[in-house]
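The file entry29.txt contains compact mmCIF, C-alpha atoms:
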```txt
# COMPACT_ATOMS: atom_id res chain seq x y z
CA MET B 28 -14.26 -42.13 37.82
CA GLN B 29 -16.62 -39.31 38.63
CA LEU B 30 -13.76 -36.83 38.27
CA LYS B 31 -12.76 -38.29 34.93
CA LYS B 32 -16.30 -37.91 33.58
CA LEU B 33 -16.32 -34.28 34.66
CA THR B 34 -13.01 -33.64 32.94
CA VAL B 35 -14.28 -35.18 29.73
CA ALA B 36 -17.44 -33.09 29.92
CA ALA B 37 -15.42 -29.92 30.45
CA MET B 38 -13.24 -30.75 27.49
CA LEU B 39 -16.30 -31.28 25.31
CA ILE B 40 -17.68 -27.88 26.26
CA ALA B 41 -14.35 -26.20 25.58
CA GLY B 42 -14.16 -28.05 22.27
CA ALA B 43 -17.63 -26.85 21.32
CA ALA B 44 -16.67 -23.21 22.00
CA ALA B 45 -13.48 -23.54 19.95
CA ALA B 46 -15.43 -25.18 17.13
CA ASN B 47 -17.48 -22.02 16.65
CA GLU B 48 -14.39 -19.81 16.69
CA ILE B 49 -12.84 -18.94 13.35
CA ALA B 50 -9.04 -19.35 13.45
CA PRO B 51 -6.97 -16.43 12.07
CA ALA B 52 -5.96 -18.47 9.02
CA ASP B 53 -9.59 -19.35 8.23
CA VAL B 54 -11.06 -15.84 8.26
CA VAL B 55 -13.02 -15.05 5.11
CA PHE B 56 -12.92 -11.44 3.92
CA THR B 57 -15.30 -9.94 1.38
CA GLU B 58 -13.87 -8.19 -1.64
CA ASP B 59 -13.96 -4.91 0.29
CA GLY B 60 -12.25 -6.32 3.36
CA ALA B 61 -15.28 -6.95 5.59
CA ILE B 62 -15.87 -10.08 7.69
CA GLU B 63 -19.51 -11.15 7.85
CA ALA B 64 -19.42 -13.80 10.60
CA SER B 65 -18.56 -13.32 14.27
CA LEU B 66 -14.99 -14.55 14.81
CA SER B 67 -15.84 -16.10 18.18
CA GLY B 68 -19.27 -17.35 17.23
CA SER B 69 -20.67 -15.17 20.05
CA PRO B 70 -21.87 -11.58 20.18
CA GLY B 71 -19.40 -8.94 21.35
CA VAL B 72 -19.69 -7.28 24.75
CA ALA B 73 -19.19 -3.54 24.31
CA GLU B 74 -18.59 -3.00 28.04
CA ASN B 75 -15.36 -5.03 27.84
CA ALA B 76 -13.91 -2.86 25.08
CA PRO B 77 -12.47 0.14 26.99
CA GLU B 78 -9.96 -2.08 28.79
CA ILE B 79 -9.01 -3.84 25.56
CA MET B 80 -8.60 -0.51 23.76
CA ASN B 81 -6.24 0.81 26.45
CA LYS B 82 -2.56 0.04 26.85
CA GLY B 83 -1.64 -3.58 27.34
CA ALA B 84 -4.10 -5.12 24.92
CA GLY B 85 -5.21 -3.45 21.72
CA ASN B 86 -3.92 0.02 22.65
CA CYS B 87 -6.26 1.44 19.97
CA ILE B 88 -6.10 4.90 21.53
CA ALA B 89 -2.34 5.05 20.98
CA CYS B 90 -3.27 6.09 17.46
CA HIS B 91 -7.01 6.95 17.58
CA GLN B 92 -8.93 9.59 19.49
CA VAL B 93 -12.20 8.35 21.04
CA THR B 94 -14.35 10.87 22.89
CA ALA B 95 -16.26 8.10 24.68
CA LEU B 96 -12.98 6.96 26.24
CA SER B 97 -11.84 10.41 27.32
CA ASP B 98 -11.30 9.19 30.91
CA ILE B 99 -8.26 7.28 29.58
CA PRO B 100 -5.38 9.75 29.02
CA PHE B 101 -3.32 10.45 25.88
CA HIS B 102 -5.19 9.62 22.70
CA GLY B 103 -3.08 9.53 19.55
CA GLU B 104 -3.34 11.33 16.22
CA VAL B 105 -1.89 8.75 13.84
CA GLY B 106 -5.20 7.25 12.70
CA PRO B 107 -8.60 8.92 12.28
CA SER B 108 -10.86 9.65 15.25
CA LEU B 109 -13.20 6.73 15.95
CA ASP B 110 -16.06 9.01 16.91
CA GLY B 111 -19.03 8.11 14.70
CA ALA B 112 -17.38 4.89 13.48
CA GLY B 113 -20.65 3.01 14.05
CA SER B 114 -22.40 5.36 11.63
CA ARG B 115 -19.69 5.27 8.96
CA TRP B 116 -19.17 1.49 8.86
CA THR B 117 -21.23 -1.67 9.16
CA GLU B 118 -20.45 -4.27 11.81
CA ALA B 119 -18.89 -6.54 9.16
CA GLU B 120 -16.70 -3.70 7.88
CA LEU B 121 -15.54 -2.80 11.39
CA ARG B 122 -14.74 -6.45 12.09
CA GLY B 123 -12.61 -6.54 8.94
CA LEU B 124 -10.86 -3.29 9.90
CA VAL B 125 -9.96 -4.50 13.38
CA ALA B 126 -8.90 -7.98 12.21
CA ASN B 127 -6.80 -6.79 9.26
CA ALA B 128 -7.23 -3.22 8.05
CA LYS B 129 -4.93 -3.85 5.11
CA MET B 130 -7.72 -5.85 3.46
CA THR B 131 -9.77 -2.61 3.37
CA PHE B 132 -6.96 -0.06 3.00
CA GLU B 133 -3.97 -1.43 1.14
CA GLY B 134 -0.72 -0.39 2.81
CA SER B 135 -2.45 0.85 5.97
CA MET B 136 -0.09 1.48 8.87
CA MET B 137 -2.62 -0.10 11.24
CA PRO B 138 -1.45 -3.38 12.79
CA SER B 139 -3.57 -6.44 12.04
CA PHE B 140 -5.11 -7.65 15.29
CA TYR B 141 -6.31 -11.06 14.13
CA LYS B 142 -3.49 -12.31 11.94
CA ILE B 143 -0.64 -14.65 12.82
CA ASP B 144 1.56 -15.01 9.74
CA GLY B 145 3.17 -13.08 6.92
CA PHE B 146 5.34 -10.92 9.21
CA THR B 147 9.02 -9.98 8.80
CA ARG B 148 11.12 -11.08 11.80
CA PRO B 149 8.20 -11.56 14.20
CA GLY B 150 9.25 -11.23 17.82
CA ASP B 151 8.27 -12.75 21.14
CA ALA B 152 6.02 -9.90 22.27
CA TYR B 153 8.22 -6.91 23.25
CA THR B 154 11.36 -8.84 24.24
CA GLY B 155 13.22 -8.24 20.97
CA LYS B 156 13.80 -11.99 20.75
CA ALA B 157 12.54 -14.27 17.98
CA ALA B 158 8.91 -15.33 18.30
CA LYS B 159 7.87 -18.77 19.40
CA LEU B 160 5.67 -19.92 16.54
CA PRO B 161 2.82 -20.10 15.98
CA LEU B 162 2.11 -16.53 17.05
CA ASP B 163 -0.98 -15.66 19.02
CA PRO B 164 -3.05 -12.95 17.37
CA LEU B 165 -2.79 -9.53 19.08
CA LEU B 166 -6.43 -9.85 20.16
CA THR B 167 -8.49 -12.99 20.70
CA ALA B 168 -11.57 -13.63 18.56
CA GLN B 169 -13.81 -12.54 21.42
CA GLN B 170 -11.76 -9.39 22.08
CA VAL B 171 -12.17 -8.41 18.42
CA GLU B 172 -15.92 -8.94 18.76
CA ASP B 173 -16.01 -6.86 21.97
CA VAL B 174 -14.20 -3.97 20.26
CA VAL B 175 -16.49 -4.19 17.23
CA ALA B 176 -19.57 -4.13 19.48
CA PHE B 177 -18.22 -1.00 21.20
CA LEU B 178 -17.39 0.72 17.91
CA MET B 179 -20.95 0.08 16.74
CA THR B 180 -22.16 2.20 19.68
CA LEU B 181 -20.13 5.21 18.44
CA LYS B 182 -22.84 6.91 16.38
CA ASP B 183 -22.79 10.37 14.84
CA GLN B 184 -24.35 12.87 17.23
CA MET L 15 -2.66 21.49 17.70
CA THR L 16 -2.29 23.75 20.64
CA LYS L 17 0.99 24.88 22.05
CA ARG L 18 1.73 24.90 25.71
CA SER L 19 4.63 26.53 27.42
CA GLY L 20 5.82 25.57 30.84
CA SER L 21 7.73 27.35 33.52
CA LYS L 22 11.46 27.07 33.08
CA ALA L 23 12.04 27.68 36.75
CA LEU L 24 11.21 24.15 37.80
CA THR L 25 13.57 22.10 39.87
CA TRP L 26 15.07 18.92 38.47
CA MET L 27 12.73 16.68 40.42
CA ALA L 28 9.63 18.52 39.36
CA LEU L 29 10.91 18.71 35.83
CA SER L 30 11.22 14.95 35.50
CA SER L 31 7.65 14.39 36.59
CA VAL L 32 6.36 17.05 34.20
CA VAL L 33 8.22 15.43 31.32
CA PHE L 34 6.64 12.06 31.99
CA ALA L 35 3.17 13.27 32.85
CA ALA L 36 2.34 15.83 30.21
CA PRO L 37 2.94 15.52 26.49
CA ALA L 38 3.24 19.27 26.07
CA LEU L 39 4.21 20.22 22.56
CA ALA L 40 7.42 21.84 21.52
CA ASP L 41 8.04 25.46 20.78
CA GLU L 42 8.81 24.87 17.11
CA SER L 43 10.10 28.38 16.55
CA ALA L 44 12.77 28.09 19.26
CA LYS L 45 16.39 28.47 18.27
CA LEU L 46 19.04 26.19 19.65
CA VAL L 47 22.16 28.03 20.71
CA VAL L 48 24.42 26.12 23.09
CA ASN L 49 26.39 28.03 25.72
CA ASP L 50 25.32 31.29 24.01
CA GLU L 51 27.91 30.37 21.44
CA ILE L 52 27.24 27.38 19.18
CA GLU L 53 24.36 28.08 16.80
CA MET L 54 22.70 24.88 15.70
CA ILE L 55 20.82 24.26 12.48
CA THR L 56 17.74 22.43 13.73
CA GLU L 57 15.67 22.81 10.56
CA THR L 58 16.76 22.95 6.95
CA ASP L 59 15.94 21.76 3.45
CA ALA L 60 15.97 18.00 3.04
CA PRO L 61 18.95 16.57 1.15
CA ALA L 62 18.32 15.85 -2.54
CA HIS L 63 18.64 12.09 -2.11
CA LEU L 64 15.38 12.05 -0.12
CA ASP L 65 13.56 12.78 -3.38
CA GLY L 66 10.90 14.84 -1.68
CA ALA L 67 10.08 12.21 0.98
CA LEU L 68 10.55 15.10 3.44
CA GLY L 69 10.39 18.78 2.56
CA THR L 70 12.38 20.03 5.50
CA ILE L 71 14.41 18.02 7.96
CA ARG L 72 14.11 18.82 11.66
CA SER L 73 16.24 17.89 14.61
CA GLY L 74 14.51 15.89 17.33
CA TRP L 75 15.17 18.93 19.54
CA THR L 76 12.36 20.82 17.77
CA PHE L 77 9.85 18.15 18.83
CA ARG L 78 10.61 18.30 22.52
CA THR L 79 9.01 20.41 25.23
CA SER L 80 10.58 23.73 26.15
CA GLU L 81 11.58 22.18 29.50
CA THR L 82 13.58 19.49 27.71
CA GLN L 83 14.90 21.87 25.07
CA VAL L 84 16.47 24.19 27.61
CA LEU L 85 18.55 21.40 29.13
CA GLN L 86 20.61 21.24 25.96
CA MET L 87 21.28 24.96 25.78
CA ASP L 88 23.93 25.08 28.48
CA ASP L 89 26.56 22.44 29.18
CA PHE L 90 26.10 22.93 32.92
CA ASP L 91 22.46 21.89 32.55
CA ASN L 92 23.15 19.05 30.11
CA PRO L 93 23.48 15.78 32.07
CA GLY L 94 25.16 14.18 29.04
CA MET L 95 28.25 16.33 29.60
CA ILE L 96 29.08 14.40 32.79
CA PHE L 97 29.78 11.36 30.62
CA VAL L 98 31.80 13.43 28.18
CA ASP L 99 34.02 14.50 31.10
CA GLN L 100 34.44 10.87 32.13
CA ALA L 101 35.45 9.95 28.59
CA LEU L 102 38.06 12.71 28.59
CA ASP L 103 39.76 10.94 31.48
CA GLN L 104 39.49 7.71 29.51
CA TRP L 105 41.06 9.44 26.49
CA ASN L 106 44.20 10.05 28.53
CA THR L 107 44.28 6.63 30.23
CA VAL L 108 46.86 4.09 29.06
CA GLU L 109 45.27 0.70 28.36
CA GLY L 110 46.35 -2.49 26.64
CA SER L 111 49.58 -4.25 25.71
CA ALA L 112 50.98 -1.40 23.61
CA GLY L 113 51.06 0.94 26.60
CA LYS L 114 49.10 3.63 24.77
CA SER L 115 46.15 5.88 25.45
CA CYS L 116 43.98 7.52 22.79
CA ALA L 117 46.05 10.66 23.40
CA SER L 118 49.30 8.85 22.60
CA CYS L 119 48.40 8.95 18.92
CA HIS L 120 45.66 11.57 18.69
CA ASP L 121 46.99 14.17 21.19
CA ASP L 122 44.42 16.79 22.04
CA VAL L 123 40.90 15.47 21.36
CA GLU L 124 39.58 18.99 20.67
CA SER L 125 41.76 19.47 17.63
CA SER L 126 42.31 15.91 16.41
CA MET L 127 38.65 14.89 16.50
CA ALA L 128 37.06 18.10 15.18
CA GLY L 129 34.82 17.25 12.24
CA VAL L 130 35.03 13.48 12.66
CA ARG L 131 31.48 12.82 13.90
CA ALA L 132 30.00 14.84 11.04
CA VAL L 133 31.20 12.38 8.39
CA TYR L 134 30.58 9.08 10.20
CA PRO L 135 29.58 6.35 9.36
CA LYS L 136 32.27 6.41 6.72
CA TRP L 137 33.88 4.08 4.17
CA ASN L 138 37.23 2.73 5.36
CA GLU L 139 39.46 2.13 2.39
CA GLU L 140 41.85 -0.34 4.03
CA ALA L 141 39.15 -2.46 5.66
CA GLU L 142 36.87 -2.08 2.64
CA GLU L 143 33.83 -1.56 4.82
CA VAL L 144 31.59 1.20 6.11
CA ARG L 145 32.59 1.91 9.69
CA THR L 146 30.66 3.57 12.45
CA LEU L 147 32.48 5.67 15.01
CA VAL L 148 32.08 2.83 17.51
CA MET L 149 33.72 0.37 15.12
CA GLN L 150 36.60 2.78 14.57
CA ILE L 151 37.10 3.29 18.31
CA ASN L 152 37.24 -0.47 18.84
CA ASP L 153 39.60 -0.91 15.88
CA CYS L 154 41.96 1.55 17.55
CA ARG L 155 41.66 -0.22 20.89
CA GLU L 156 42.33 -3.67 19.47
CA ASN L 157 44.91 -2.93 16.79
CA GLN L 158 46.72 0.17 18.07
CA MET L 159 46.44 -0.13 21.85
CA GLY L 160 46.25 -3.90 22.22
CA ALA L 161 43.22 -3.39 24.46
CA GLU L 162 39.96 -5.26 24.73
CA PRO L 163 37.12 -3.94 22.55
CA LEU L 164 34.30 -2.21 24.41
CA LYS L 165 30.76 -3.57 24.17
CA TYR L 166 28.91 -1.74 21.41
CA THR L 167 26.30 -0.03 23.57
CA SER L 168 28.23 0.05 26.85
CA GLY L 169 28.44 3.19 28.92
CA LYS L 170 32.19 3.55 28.34
CA MET L 171 31.83 3.22 24.58
CA THR L 172 28.89 5.58 24.34
CA ALA L 173 30.72 8.15 26.45
CA MET L 174 33.79 7.92 24.19
CA GLU L 175 31.53 8.32 21.16
CA ALA L 176 30.04 11.42 22.81
CA LEU L 177 33.47 12.90 23.60
CA ILE L 178 34.53 12.55 19.97
CA SER L 179 31.16 13.79 18.71
CA VAL L 180 31.14 16.91 20.85
CA GLN L 181 34.24 18.15 19.00
CA SER L 182 31.99 18.52 15.93
CA ARG L 183 29.11 20.30 17.62
CA GLY L 184 27.50 22.83 15.32
CA MET L 185 29.04 21.38 12.16
CA PRO L 186 26.57 20.09 9.59
CA VAL L 187 26.20 16.32 9.26
CA ASP L 188 27.75 15.37 5.93
CA VAL L 189 27.98 11.60 5.47
CA ALA L 190 28.96 10.30 2.04
CA ILE L 191 26.44 7.96 0.43
CA ASP L 192 27.99 7.45 -2.97
CA GLY L 193 31.04 5.58 -4.24
CA PRO L 194 31.96 2.52 -2.22
CA ALA L 195 29.42 3.38 0.53
CA GLN L 196 26.49 3.28 -1.84
CA SER L 197 25.56 -0.38 -1.52
CA THR L 198 25.59 -0.15 2.28
CA TRP L 199 23.47 3.01 2.08
CA GLU L 200 20.95 1.26 -0.16
CA ARG L 201 20.76 -1.67 2.22
CA GLY L 202 20.06 0.80 5.03
CA LYS L 203 17.35 2.45 2.98
CA ASP L 204 15.77 -0.92 2.36
CA ILE L 205 15.71 -1.62 6.10
CA TYR L 206 14.26 1.85 6.80
CA TYR L 207 11.25 1.10 4.63
CA THR L 208 10.77 -2.55 5.68
CA ARG L 209 7.82 -3.24 7.95
CA PHE L 210 9.01 -5.38 10.84
CA GLY L 211 7.39 -7.45 13.54
CA GLN L 212 3.86 -8.41 14.43
CA LEU L 213 2.87 -4.73 14.49
CA ASP L 214 4.19 -4.57 10.93
CA LEU L 215 5.79 -1.13 11.23
CA SER L 216 8.69 0.44 9.34
CA CYS L 217 10.83 3.35 10.49
CA ALA L 218 9.05 5.38 7.81
CA ASN L 219 5.54 4.63 9.13
CA CYS L 220 6.22 6.69 12.24
CA HIS L 221 9.12 8.98 11.38
CA GLU L 222 8.38 9.91 7.78
CA ASP L 223 4.59 9.57 7.47
CA ASN L 224 3.60 10.61 10.99
CA TYR L 225 6.21 12.91 12.48
CA ASP L 226 4.62 15.72 14.48
CA ASN L 227 1.67 13.47 15.38
CA MET L 228 1.10 12.13 18.88
CA ILE L 229 1.33 8.36 19.32
CA ARG L 230 -0.18 7.90 22.76
CA ALA L 231 1.87 10.34 24.93
CA ASP L 232 4.82 10.55 22.51
CA HIS L 233 5.32 13.36 20.04
CA LEU L 234 6.72 11.57 16.99
CA SER L 235 9.90 13.10 15.57
CA GLN L 236 11.60 12.50 12.25
CA GLY L 237 13.92 10.04 13.97
CA GLN L 238 17.01 12.06 13.08
CA ILE L 239 20.26 10.90 14.70
CA ASN L 240 22.30 14.12 14.44
CA GLY L 241 22.02 14.42 18.23
CA PHE L 242 23.44 10.97 19.05
CA PRO L 243 24.70 9.85 21.47
CA VAL L 244 21.67 11.27 23.25
CA TYR L 245 21.04 11.71 26.97
CA ARG L 246 17.51 10.39 27.57
CA LEU L 247 15.55 11.56 30.59
CA LYS L 248 13.74 8.22 30.34
CA ASN L 249 16.79 6.12 31.27
CA THR L 250 19.12 8.86 32.59
CA LYS L 251 22.12 7.83 30.52
CA LEU L 252 23.71 8.33 27.13
CA ASN L 253 22.31 6.15 24.35
CA ASN L 254 23.91 5.48 21.01
CA ALA L 255 22.02 5.08 17.75
CA HIS L 256 22.16 1.28 17.65
CA ALA L 257 20.70 1.03 21.16
CA ARG L 258 17.84 3.26 20.00
CA PHE L 259 17.33 1.30 16.76
CA LYS L 260 17.13 -1.88 18.82
CA GLY L 261 14.48 -0.36 21.09
CA CYS L 262 12.42 0.88 18.17
CA ILE L 263 12.44 -2.45 16.34
CA ARG L 264 11.71 -4.32 19.57
CA ASP L 265 8.64 -2.11 19.98
CA THR L 266 7.24 -3.33 16.66
CA ARG L 267 7.10 -6.80 18.31
CA ALA L 268 9.98 -7.90 16.10
CA GLU L 269 13.16 -9.87 16.57
CA THR L 270 15.69 -7.05 16.62
CA PHE L 271 19.07 -6.87 14.95
CA LYS L 272 22.13 -6.72 17.17
CA PRO L 273 23.97 -3.46 17.87
CA GLY L 274 27.01 -3.45 15.59
CA SER L 275 25.37 -5.83 13.09
CA ASP L 276 25.76 -5.18 9.37
CA GLU L 277 22.07 -4.27 9.29
CA PHE L 278 22.37 -1.57 11.94
CA VAL L 279 25.59 -0.20 10.45
CA ALA L 280 23.77 0.17 7.14
CA LEU L 281 20.73 1.68 8.87
CA GLU L 282 22.93 4.16 10.76
CA LEU L 283 24.52 5.33 7.52
CA TYR L 284 21.13 5.74 5.88
CA VAL L 285 19.45 7.50 8.81
CA ALA L 286 22.49 9.76 9.30
CA SER L 287 22.27 10.72 5.62
CA ARG L 288 18.63 11.78 6.08
CA GLY L 289 20.01 14.40 8.46
CA ASN L 290 22.74 15.73 6.16
CA GLY L 291 22.61 19.49 6.77
CA LEU L 292 21.48 19.40 10.41
CA SER L 293 24.08 20.26 13.05
CA VAL L 294 25.90 17.66 15.07
CA GLU L 295 24.31 18.13 18.53
CA ALA L 296 25.82 15.36 20.64
CA PRO L 297 25.27 14.94 23.45
CA SER L 298 21.68 16.02 22.86
CA VAL L 299 18.94 15.78 25.51
CA ARG L 300 15.63 14.08 24.74
CA ASN L 301 12.88 12.38 26.69
```

Starting from the file, give its structure as structure tokens.
Amino acid sequence: MQLKKLTVAAMLIAGAAAANEIAPADVVFTEDGAIEASLSGSPGVAENAPEIMNKGAGNCIACHQVTALSDIPFHGEVGPSLDGAGSRWTEAELRGLVANAKMTFEGSMMPSFYKIDGFTRPGDAYTGKAAKLPLDPLLTAQQVEDVVAFLMTLKDQ
Amino acid sequence: MTKRSGSKALTWMALSSVVFAAPALADESAKLVVNDEIEMITETDAPAHLDGALGTIRSGWTFRTSETQVLQMDDFDNPGMIFVDQALDQWNTVEGSAGKSCASCHDDVESSMAGVRAVYPKWNEEAEEVRTLVMQINDCRENQMGAEPLKYTSGKMTAMEALISVQSRGMPVDVAIDGPAQSTWERGKDIYYTRFGQLDLSCANCHEDNYDNMIRADHLSQGQINGFPVYRLKNTKLNNAHARFKGCIRDTRAETFKPGSDEFVALELYVASRGNGLSVEAPSVRN
């Protein structure tokens, strides 16, 4: 009985956390492609971002150079440098760019990190096989918030 | 971008580690001459059908490091030639119910296959379809030799493709895109510009819009296939174009097409046509 009560309590807590999270399909973008509200309902943790921005998660530096992450090797040249991003953009704009850059820049090559539909032949990660639907977004709501929090620290010198 | 040049006097072992560890940029002014004899066109004006999408077309060789480039300049250094030698034995081996080898009908591969690679994929009038070299090899095996078809991306097939291709080395790629091949070519073009997978990337995103840029440790090329089959240092074997297409589409987090599928045949014709004017280089060496 005691155990059952604990389980129920844990489920309620988990449910409360999920209730504050905005699902990919429910994200509201402004006309310019920004997202005002935190996707996870919690503040981002900038210290978690370097790992997310490396290979295996977001792999942001595959395409973007970031001086603050220069201890991670091989930064790409496909997208613009992220140095000073926190001075060029607001938090809401950065959140929109990470979640779905195409809402800001139509036709952008940048993958959408918080989007789960509208793809052509989506695959099961990097197996080459068909995806098991529904897809998970490339980053979780909290990972997006962590990256946004980190980008906000990248101010012009 | 800065240019780096490395010592050419490295041993094979050291060379491999350098290739994987350092994304040194290519010597773009280098000239590719194989065996001091075959002069390759590695950069030329884009064909008219590209409508200005590219100004000049460049072989993937021009994007590689000088250490990788040099491996293709002498057949004794080119690991892909080992597989060509194996395929030459295969060429003369009788297989199947008809008791024939390739040589039974085609005699000497050097003379009979000269120029073939340069015009493939090609419309086949009797079959009324665009055929890749692989499809043609398997048609011969099944209908002339009475032998089992080879798997599309198998080592034996890719080696045979390389043996036939090497007879056209130095000749300009010249695939036909008009007439009966046109609808296949247009389908291939459509696929080239379609953004696939959860990363939502087309061939063009990387190989038309971003060639010459670094994506992580990779120096993006134009994705030309004039050098296929290609010996890759990454997997130490020959790779044909469909195997590479599959890998690229997989890496967009997409459900790939199958090697030999109508989609990849169309894509091969289209991508080959983007390299019309570059030399046939097979077997090329890339990372």

Fill in: Contact residues (chain L, partner chain B, 6 Å, all atoms listed in the file) as an MDAnalysis selection string
chainID L and resid 210:213 227:231 264:265 267:270

Practice prompt. Could you please determine the separation between CA of Gln184 (chain B) and CA of Val93 (chain B) in Å, to one decimal place?
Written response: 13.5 Å

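If all atoms listed in the file are the atoms counted, then among L:Trp105, L:Val48, L:Thr208, L:Asp153 the closest residue to Asp91 (chain L) is L:Val48.
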
Discussion item. Just checking: using all atoms listed in the file, which residue out of L:Cys154, L:Ala296, L:Val47, L:Ala101 ends up closest to Tyr245 (chain L)?
Written reply: L:Ala296

Worksheet item: If we count only C-alpha atoms, what is near Val299 (chain L) at a cut-off of 12 Å, once residues fewer than 5 positions away on the same chain are taken out, given as a ChimeraX atom specification?
Response: /L:46,48,73-89,91-95,239-253

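Computed from the coordinates, the CA of Ile205 (chain L) to CA of Glu282 (chain L) distance equals 10.4 Å.
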
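Going from CA of Ser235 (chain L) over to CA of Ile71 (chain L), you cover 10.1 Å.
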
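Comparing B:Glu48, B:Glu172, B:Asp98, B:Asp183 by their smallest distance to Trp116 (chain B), the closest is B:Asp183 (using only C-alpha atoms).
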
So which residues touch Leu121 (chain B) within 10 Å, counting all atoms listed in the file, skipping near sequence neighbours fewer than 2 positions away, as a compact mmCIF listing (two decimals) with C-alpha atoms, in the coordinates of the input?
```txt
# COMPACT_ATOMS: atom_id res chain seq x y z
CA GLY B 60 -12.25 -6.32 3.36
CA ALA B 61 -15.28 -6.95 5.59
CA ILE B 62 -15.87 -10.08 7.69
CA GLU B 63 -19.51 -11.15 7.85
CA ALA B 112 -17.38 4.89 13.48
CA GLY B 113 -20.65 3.01 14.05
CA ARG B 115 -19.69 5.27 8.96
CA TRP B 116 -19.17 1.49 8.86
CA THR B 117 -21.23 -1.67 9.16
CA GLU B 118 -20.45 -4.27 11.81
CA ALA B 119 -18.89 -6.54 9.16
CA GLY B 123 -12.61 -6.54 8.94
CA LEU B 124 -10.86 -3.29 9.90
CA VAL B 125 -9.96 -4.50 13.38
CA ALA B 126 -8.90 -7.98 12.21
CA ASN B 127 -6.80 -6.79 9.26
CA ALA B 128 -7.23 -3.22 8.05
CA THR B 131 -9.77 -2.61 3.37
CA VAL B 171 -12.17 -8.41 18.42
CA GLU B 172 -15.92 -8.94 18.76
CA VAL B 174 -14.20 -3.97 20.26
CA VAL B 175 -16.49 -4.19 17.23
CA ALA B 176 -19.57 -4.13 19.48
CA LEU B 178 -17.39 0.72 17.91
CA MET B 179 -20.95 0.08 16.74
```

Discussion item. Can you pull out the residues contacting Val279 (chain L)? Cut-off 8 Å, using all atoms listed in the file, and skip same-chain residues under 5 positions away; I want them as a list in words.
Written reply: Pro135, Val144, Arg145, Thr146, Gly202 and Gly274 of chain L

Counting only C-alpha atoms, which residues have an atom no more than 8 Å from (-10.5, -6.9, 25.9) in the file's coordinates? Please list them as a compact mmCIF listing (two decimals) with C-alpha atoms, in the coordinates of the input.
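File produced: part25.txt:
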```txt
# COMPACT_ATOMS: atom_id res chain seq x y z
CA ASN B 75 -15.36 -5.03 27.84
CA ALA B 76 -13.91 -2.86 25.08
CA PRO B 77 -12.47 0.14 26.99
CA GLU B 78 -9.96 -2.08 28.79
CA ILE B 79 -9.01 -3.84 25.56
CA MET B 80 -8.60 -0.51 23.76
CA ALA B 84 -4.10 -5.12 24.92
CA GLY B 85 -5.21 -3.45 21.72
CA LEU B 166 -6.43 -9.85 20.16
CA GLN B 169 -13.81 -12.54 21.42
CA GLN B 170 -11.76 -9.39 22.08
CA VAL B 171 -12.17 -8.41 18.42
CA ASP B 173 -16.01 -6.86 21.97
CA VAL B 174 -14.20 -3.97 20.26
```

Worksheet entry | Distance query region 217-225 of chain L at most 6 Å, only C-alpha atoms, self and fewer than 4 positions along chain excluded, as a VMD selection string | chain L and resid 206 to 207 234 to 237
